>>> print(open('start-v3.cif').read())   # mmCIF, C-alpha atoms
data_work
#
loop_
_atom_site.group_PDB
_atom_site.id
_atom_site.type_symbol
_atom_site.label_atom_id
_atom_site.label_comp_id
_atom_site.auth_asym_id
_atom_site.auth_seq_id
_atom_site.Cartn_x
_atom_site.Cartn_y
_atom_site.Cartn_z
ATOM 1 C CA MET A 189 2.785 -3.307 7.098
ATOM 2 C CA ALA A 190 1.818 0.173 5.915
ATOM 3 C CA THR A 191 0.463 2.600 8.502
ATOM 4 C CA ILE A 192 -2.477 4.750 7.367
ATOM 5 C CA LEU A 193 -3.465 7.816 9.362
ATOM 6 C CA LEU A 194 -7.250 8.271 9.153
ATOM 7 C CA VAL A 195 -8.432 11.820 9.852
ATOM 8 C CA ASP A 196 -12.176 12.555 10.007
ATOM 9 C CA ASP A 197 -14.358 14.239 12.623
ATOM 10 C CA GLU A 198 -16.994 11.498 12.187
ATOM 11 C CA THR A 199 -16.100 8.418 14.209
ATOM 12 C CA ARG A 200 -18.507 6.376 12.097
ATOM 13 C CA MET A 201 -16.435 7.147 8.990
ATOM 14 C CA LEU A 202 -13.204 6.283 10.826
ATOM 15 C CA ASP A 203 -14.669 2.944 11.863
ATOM 16 C CA LEU A 204 -15.848 2.241 8.315
ATOM 17 C CA LEU A 205 -12.430 3.008 6.817
ATOM 18 C CA SER A 206 -10.739 0.811 9.394
ATOM 19 C CA LEU A 207 -13.231 -1.963 8.654
ATOM 20 C CA TYR A 208 -12.184 -1.867 4.983
ATOM 21 C CA LEU A 209 -8.447 -1.524 5.520
ATOM 22 C CA ALA A 210 -7.470 -3.489 8.639
ATOM 23 C CA PRO A 211 -8.316 -6.927 7.135
ATOM 24 C CA LEU A 212 -5.899 -6.145 4.277
ATOM 25 C CA GLY A 213 -3.036 -5.763 6.738
ATOM 26 C CA TYR A 214 -2.957 -1.979 7.048
ATOM 27 C CA LYS A 215 -2.344 -0.478 10.480
ATOM 28 C CA CYS A 216 -5.025 2.187 10.966
ATOM 29 C CA ILE A 217 -4.510 5.180 13.258
ATOM 30 C CA LYS A 218 -7.750 7.109 13.869
ATOM 31 C CA LYS A 219 -7.832 10.841 14.612
ATOM 32 C CA THR A 220 -10.967 12.972 14.865
ATOM 33 C CA SER A 221 -9.273 16.310 14.170
ATOM 34 C CA ALA A 222 -6.507 17.654 11.969
ATOM 35 C CA LEU A 223 -4.734 19.115 15.005
ATOM 36 C CA ASP A 224 -4.631 15.688 16.671
ATOM 37 C CA ALA A 225 -3.284 14.189 13.446
ATOM 38 C CA ILE A 226 -0.473 16.748 13.245
ATOM 39 C CA THR A 227 0.399 16.135 16.893
ATOM 40 C CA TYR A 228 0.562 12.417 16.139
ATOM 41 C CA LEU A 229 2.917 12.988 13.181
ATOM 42 C CA GLU A 230 5.315 14.966 15.372
ATOM 43 C CA GLU A 231 6.110 11.769 17.277
ATOM 44 C CA ASN A 232 5.179 8.961 14.871
ATOM 45 C CA ASP A 233 5.462 7.862 11.244
ATOM 46 C CA ALA A 234 2.732 7.161 8.718
ATOM 47 C CA ASP A 235 2.900 5.804 5.162
ATOM 48 C CA LEU A 236 -0.272 7.514 3.934
ATOM 49 C CA ILE A 237 -2.935 9.924 5.206
ATOM 50 C CA LEU A 238 -6.651 9.768 4.413
ATOM 51 C CA LEU A 239 -7.719 13.327 5.181
ATOM 52 C CA ASP A 240 -11.306 14.578 5.360
ATOM 53 C CA VAL A 241 -11.915 18.095 4.052
ATOM 54 C CA MET A 242 -14.883 19.323 6.099
ATOM 55 C CA MET A 243 -13.694 19.389 9.726
ATOM 56 C CA PRO A 244 -14.021 21.956 12.543
ATOM 57 C CA GLU A 245 -11.048 23.937 13.944
ATOM 58 C CA MET A 246 -8.786 23.144 10.981
ATOM 59 C CA ASP A 247 -10.238 21.904 7.691
ATOM 60 C CA GLY A 248 -8.555 19.468 5.359
ATOM 61 C CA TRP A 249 -7.213 22.154 3.029
ATOM 62 C CA ASP A 250 -5.325 23.920 5.825
ATOM 63 C CA ALA A 251 -4.241 20.609 7.327
ATOM 64 C CA CYS A 252 -2.837 19.462 3.996
ATOM 65 C CA LYS A 253 -0.834 22.682 3.624
ATOM 66 C CA GLU A 254 0.480 22.406 7.192
ATOM 67 C CA ILE A 255 1.476 18.754 6.769
ATOM 68 C CA ARG A 256 3.274 19.566 3.511
ATOM 69 C CA LYS A 257 5.445 22.118 5.354
ATOM 70 C CA HIS A 258 7.007 19.357 7.450
ATOM 71 C CA TRP A 259 6.352 15.931 5.936
ATOM 72 C CA ASP A 260 6.357 14.317 2.504
ATOM 73 C CA ILE A 261 3.693 11.730 3.333
ATOM 74 C CA PRO A 262 1.206 10.904 0.551
ATOM 75 C CA ILE A 263 -2.263 12.352 1.174
ATOM 76 C CA ILE A 264 -5.635 11.296 -0.221
ATOM 77 C CA MET A 265 -8.388 13.833 0.407
ATOM 78 C CA LEU A 266 -11.844 12.538 1.409
ATOM 79 C CA THR A 267 -14.861 14.790 0.979
ATOM 80 C CA ALA A 268 -18.519 14.880 0.051
ATOM 81 C CA ARG A 269 -17.721 17.623 -2.437
ATOM 82 C CA SER A 270 -17.324 16.624 -6.056
ATOM 83 C CA GLU A 271 -16.876 19.934 -7.858
ATOM 84 C CA LYS A 272 -13.914 20.009 -10.223
ATOM 85 C CA LEU A 273 -12.488 23.165 -8.618
ATOM 86 C CA ASP A 274 -12.243 21.367 -5.254
ATOM 87 C CA VAL A 275 -10.314 18.537 -6.898
ATOM 88 C CA VAL A 276 -7.903 20.998 -8.483
ATOM 89 C CA LYS A 277 -7.502 22.895 -5.190
ATOM 90 C CA GLY A 278 -6.635 19.726 -3.311
ATOM 91 C CA LEU A 279 -4.037 18.650 -5.845
ATOM 92 C CA LYS A 280 -2.492 22.131 -6.007
ATOM 93 C CA ILE A 281 -1.892 22.330 -2.257
ATOM 94 C CA GLY A 282 -0.124 18.979 -2.187
ATOM 95 C CA ALA A 283 -2.695 16.179 -2.109
ATOM 96 C CA ASP A 284 -1.738 13.053 -4.066
ATOM 97 C CA ASP A 285 -5.283 11.966 -4.848
ATOM 98 C CA TYR A 286 -8.889 12.809 -4.124
ATOM 99 C CA ILE A 287 -11.982 10.658 -3.614
ATOM 100 C CA THR A 288 -15.542 11.751 -2.924
ATOM 101 C CA LYS A 289 -18.010 10.302 -0.432
ATOM 102 C CA PRO A 290 -19.815 8.004 -0.655
ATOM 103 C CA PHE A 291 -17.063 5.918 -2.196
ATOM 104 C CA ASP A 292 -16.795 2.358 -3.413
ATOM 105 C CA GLU A 293 -14.618 0.125 -1.209
ATOM 106 C CA GLY A 294 -12.777 -1.351 -4.194
ATOM 107 C CA GLU A 295 -12.017 2.068 -5.669
ATOM 108 C CA LEU A 296 -10.729 3.384 -2.337
ATOM 109 C CA ILE A 297 -8.389 0.418 -1.886
ATOM 110 C CA ALA A 298 -7.168 0.646 -5.488
ATOM 111 C CA ARG A 299 -6.377 4.346 -5.064
ATOM 112 C CA ILE A 300 -4.538 3.718 -1.799
ATOM 113 C CA GLU A 301 -2.438 0.988 -3.393
ATOM 114 C CA ALA A 302 -1.685 3.157 -6.430
ATOM 115 C CA VAL A 303 -0.523 6.086 -4.273
ATOM 116 C CA LEU A 304 1.633 3.801 -2.109
ATOM 117 C CA ARG A 305 3.196 2.256 -5.229
ATOM 118 C CA ARG A 306 3.984 5.682 -6.680
ATOM 119 C CA ASN A 307 5.494 6.802 -3.396
ATOM 120 C CA SER A 308 7.688 3.710 -3.113
ATOM 121 C CA SER A 309 8.940 3.921 -6.700
ATOM 122 C CA SER A 310 11.670 6.359 -5.662
ATOM 123 C CA SER A 311 13.234 3.607 -3.551
ATOM 124 C CA SER A 312 13.190 0.858 -6.167
ATOM 125 C CA LEU A 313 16.074 -1.126 -4.628
ATOM 126 C CA LEU A 314 14.969 -3.618 -1.978
ATOM 127 C CA SER A 315 17.063 -6.104 -0.026
ATOM 128 C CA PHE A 316 16.237 -8.974 2.306
ATOM 129 C CA ASN A 317 18.657 -11.501 3.831
ATOM 130 C CA GLY A 318 21.013 -11.501 0.834
ATOM 131 C CA LEU A 319 18.149 -11.215 -1.653
ATOM 132 C CA SER A 320 18.049 -7.978 -3.652
ATOM 133 C CA LEU A 321 15.505 -6.558 -6.070
ATOM 134 C CA ASN A 322 15.909 -3.589 -8.399
ATOM 135 C CA MET A 323 12.684 -2.620 -10.156
ATOM 136 C CA ASP A 324 14.466 0.013 -12.269
ATOM 137 C CA SER A 325 16.579 -2.636 -13.990
ATOM 138 C CA TYR A 326 14.004 -5.415 -13.419
ATOM 139 C CA GLU A 327 16.650 -7.627 -11.873
ATOM 140 C CA SER A 328 16.805 -9.796 -8.779
ATOM 141 C CA GLN A 329 19.913 -11.318 -7.197
ATOM 142 C CA PHE A 330 20.793 -13.549 -4.296
ATOM 143 C CA ASN A 331 24.295 -13.082 -2.857
ATOM 144 C CA GLY A 332 25.318 -11.389 -6.110
ATOM 145 C CA ALA A 333 23.999 -14.076 -8.483
ATOM 146 C CA VAL A 334 21.195 -13.055 -10.851
ATOM 147 C CA ILE A 335 17.854 -14.874 -10.490
ATOM 148 C CA PRO A 336 16.029 -15.154 -13.867
ATOM 149 C CA LEU A 337 12.557 -13.934 -12.899
ATOM 150 C CA THR A 338 9.763 -12.953 -15.298
ATOM 151 C CA PRO A 339 8.202 -9.465 -15.038
ATOM 152 C CA LYS A 340 5.158 -10.868 -13.191
ATOM 153 C CA GLU A 341 7.392 -12.806 -10.771
ATOM 154 C CA LEU A 342 9.423 -9.644 -10.152
ATOM 155 C CA SER A 343 6.228 -7.681 -9.471
ATOM 156 C CA LEU A 344 5.041 -10.327 -7.029
ATOM 157 C CA LEU A 345 8.385 -10.354 -5.227
ATOM 158 C CA ASN A 346 8.379 -6.550 -5.086
ATOM 159 C CA LEU A 347 4.877 -6.523 -3.586
ATOM 160 C CA PHE A 348 5.749 -9.178 -0.990
ATOM 161 C CA LEU A 349 9.023 -7.540 0.072
ATOM 162 C CA GLN A 350 7.357 -4.149 0.512
ATOM 163 C CA ASN A 351 4.503 -5.640 2.568
ATOM 164 C CA ARG A 352 6.102 -8.216 4.847
ATOM 165 C CA ASN A 353 3.742 -10.174 7.103
ATOM 166 C CA LYS A 354 0.725 -8.910 5.139
ATOM 167 C CA VAL A 355 -1.607 -11.614 3.820
ATOM 168 C CA PHE A 356 -2.614 -11.161 0.176
ATOM 169 C CA THR A 357 -5.678 -12.934 -1.147
ATOM 170 C CA ARG A 358 -5.452 -14.362 -4.649
ATOM 171 C CA GLU A 359 -8.067 -11.845 -5.795
ATOM 172 C CA HIS A 360 -5.992 -9.005 -4.350
ATOM 173 C CA LEU A 361 -2.859 -10.232 -6.134
ATOM 174 C CA ILE A 362 -4.746 -10.503 -9.418
ATOM 175 C CA SER A 363 -6.089 -6.934 -9.187
ATOM 176 C CA THR A 364 -2.725 -5.500 -8.059
ATOM 177 C CA ILE A 365 -0.371 -7.325 -10.449
ATOM 178 C CA TRP A 366 -2.618 -7.980 -13.447
ATOM 179 C CA GLY A 367 -5.041 -5.080 -12.989
ATOM 180 C CA TYR A 368 -8.797 -4.757 -12.655
ATOM 181 C CA GLY A 369 -10.943 -6.367 -15.326
ATOM 182 C CA VAL A 370 -8.311 -8.903 -16.391
ATOM 183 C CA ALA A 371 -9.660 -12.445 -16.729
ATOM 184 C CA THR A 372 -7.087 -14.310 -14.612
ATOM 185 C CA GLU A 373 -7.849 -17.400 -12.543
ATOM 186 C CA ASP A 374 -6.656 -18.249 -9.038
ATOM 187 C CA ARG A 375 -4.542 -21.112 -10.359
ATOM 188 C CA THR A 376 -2.562 -18.597 -12.434
ATOM 189 C CA ILE A 377 -1.518 -16.897 -9.179
ATOM 190 C CA ASP A 378 -0.652 -20.269 -7.645
ATOM 191 C CA SER A 379 1.482 -21.138 -10.663
ATOM 192 C CA HIS A 380 3.397 -17.831 -10.551
ATOM 193 C CA VAL A 381 4.012 -18.107 -6.810
ATOM 194 C CA ARG A 382 5.183 -21.711 -7.224
ATOM 195 C CA ASN A 383 7.593 -20.686 -10.006
ATOM 196 C CA LEU A 384 8.860 -17.783 -7.899
ATOM 197 C CA ARG A 385 9.539 -20.119 -4.979
ATOM 198 C CA ASP A 386 11.317 -22.623 -7.229
ATOM 199 C CA LYS A 387 13.618 -20.004 -8.748
ATOM 200 C CA LEU A 388 14.467 -18.488 -5.364
ATOM 201 C CA ARG A 389 15.141 -21.961 -3.962
ATOM 202 C CA LYS A 390 17.405 -22.896 -6.889
ATOM 203 C CA ALA A 391 19.378 -19.681 -6.306
ATOM 204 C CA GLY A 392 20.009 -20.793 -2.704
ATOM 205 C CA PHE A 393 17.455 -18.594 -0.939
ATOM 206 C CA ALA A 394 15.275 -20.385 1.644
ATOM 207 C CA ALA A 395 12.006 -19.375 -0.047
ATOM 208 C CA ASP A 396 9.883 -21.926 1.789
ATOM 209 C CA ASN A 397 10.741 -20.251 5.107
ATOM 210 C CA TYR A 398 9.487 -16.831 4.014
ATOM 211 C CA LEU A 399 7.000 -17.073 1.124
ATOM 212 C CA ILE A 400 4.169 -18.792 2.982
ATOM 213 C CA THR A 401 0.827 -20.159 1.797
ATOM 214 C CA VAL A 402 -2.055 -19.082 4.023
ATOM 215 C CA TRP A 403 -4.447 -21.939 3.349
ATOM 216 C CA GLY A 404 -7.846 -20.900 2.088
ATOM 217 C CA VAL A 405 -6.758 -17.259 1.811
ATOM 218 C CA GLY A 406 -3.604 -16.564 -0.197
ATOM 219 C CA TYR A 407 0.055 -15.801 0.468
ATOM 220 C CA LYS A 408 2.335 -13.704 2.662
ATOM 221 C CA TRP A 409 6.055 -12.988 3.061
ATOM 222 C CA LEU A 410 7.331 -13.359 6.602
ATOM 223 C CA GLU A 411 9.618 -10.760 8.173
ATOM 224 C CA LYS A 412 11.242 -13.591 10.153
ATOM 225 C CA ALA A 413 11.330 -17.275 9.305
ATOM 226 C CA GLU A 414 9.099 -19.546 11.341
#
>>> encode(input="start-v3.cif", output="structure tokens")
Amino acid sequence: MATILLVDDETRMLDLLSLYLAPLGYKCIKKTSALDAITYLEENDADLILLDVMMPEMDGWDACKEIRKHWDIPIIMLTARSEKLDVVKGLKIGADDYITKPFDEGELIARIEAVLRRNSSSSSLLSFNGLSLNMDSYESQFNGAVIPLTPKELSLLNLFLQNRNKVFTREHLISTIWGYGVATEDRTIDSHVRNLRDKLRKAGFAADNYLITVWGVGYKWLEKAE
């Protein structure tokens, strides 16, 4: 489960962001000032920061520069400003992306997922109970034996292993793996997940204990077997 640090002086905006993100499995930490956010980071970890620009005491620009001195956490700037120079300024001081208010829920989530994927690409080797996945070589193994997975199956496995215990709807999987605007049906997801389970099972991995169907919703990968 990815932890997102939400920083905005408007509690209404913090509540709205949490309303969008919490149902997708993200752990949301709300802070109403940049100083409180920095204090939080001194004792805790975060996977991504949504940082408002216009705040009292310390604005988002200064907060971004201060955070970059100590942490390499991806930052998405949130602001009502839309001028091109503000976008350039944010990216130059270390922001990873920039979105203006009011924003579309789908666009915000897509940008968050894209930034998290880019940030995790540096650690492309994943392992779980004898199962290993290397997205650089597009290869998966169980106890040293190669599992012949297709690129889509590898992408699904990569997404599940990086987001254990998070429930993914079929629509979410389609948009993340296939991309927005692609005409893919729910049964295509079901077929790919079924094939992934079968191949993991044939390799000796107890897939049925970890890759779980959440009936009426989608799928999730358990951190610990039920």
>>> residues_around(input="start-v3.cif", residues="Lys408 of chain A", least_positions_apart="4", cutoff="9 Å", atoms="only C-alpha atoms", output="ChimeraX atom specification")
/A:348,351-357,398-402
>>> residues_around(input="start-v3.cif", residues="Ala394 of chain A", least_positions_apart="5", cutoff="12 Å", atoms="all atoms listed in the file", output="list in words")
Phe316, Asn317, Gly318, Leu319, Phe330, Leu384, Arg385, Asp386, Lys387, Leu388, Arg389, Leu399, Ile400, Trp409, Leu410, Lys412, Ala413 and Glu414 of chain A
>>> atom_distance(input="start-v3.cif", atom1="atom CA of Leu314 of chain A", atom2="atom CA of Leu349 of chain A")
7.4 Å
>>> residues_around(input="start-v3.cif", residues="segment 235-250 of chain A", least_positions_apart="6", cutoff="6 Å", atoms="all atoms listed in the file", output="list of chain:residue names")
A:Ala190, A:Thr191, A:Ile192, A:Leu193, A:Leu194, A:Val195, A:Asp196, A:Asp197, A:Ile261, A:Pro262, A:Ile263, A:Ile264, A:Met265, A:Leu266, A:Thr267
>>> atom_distance(input="start-v3.cif", atom1="atom CA of Ile377 of chain A", atom2="atom CA of Arg358 of chain A")
6.5 Å
>>> closest_residue(input="start-v3.cif", among="A:Ile335, A:Glu327, A:Ile297, A:Thr376", to="Ala210 of chain A", atoms="all atoms listed in the file")
A:Ile297
>>> resolve_selection(input="start-v3.cif", expression="the PyMOL selection byres ((chain A and resi 342) around 10)", output="list in words")
Leu321, Asn322, Met323, Tyr326, Glu327, Ser328, Ile335, Pro336, Leu337, Thr338, Pro339, Lys340, Glu341, Ser343, Leu344, Leu345, Asn346, Leu347, Phe348 and Leu384 of chain A
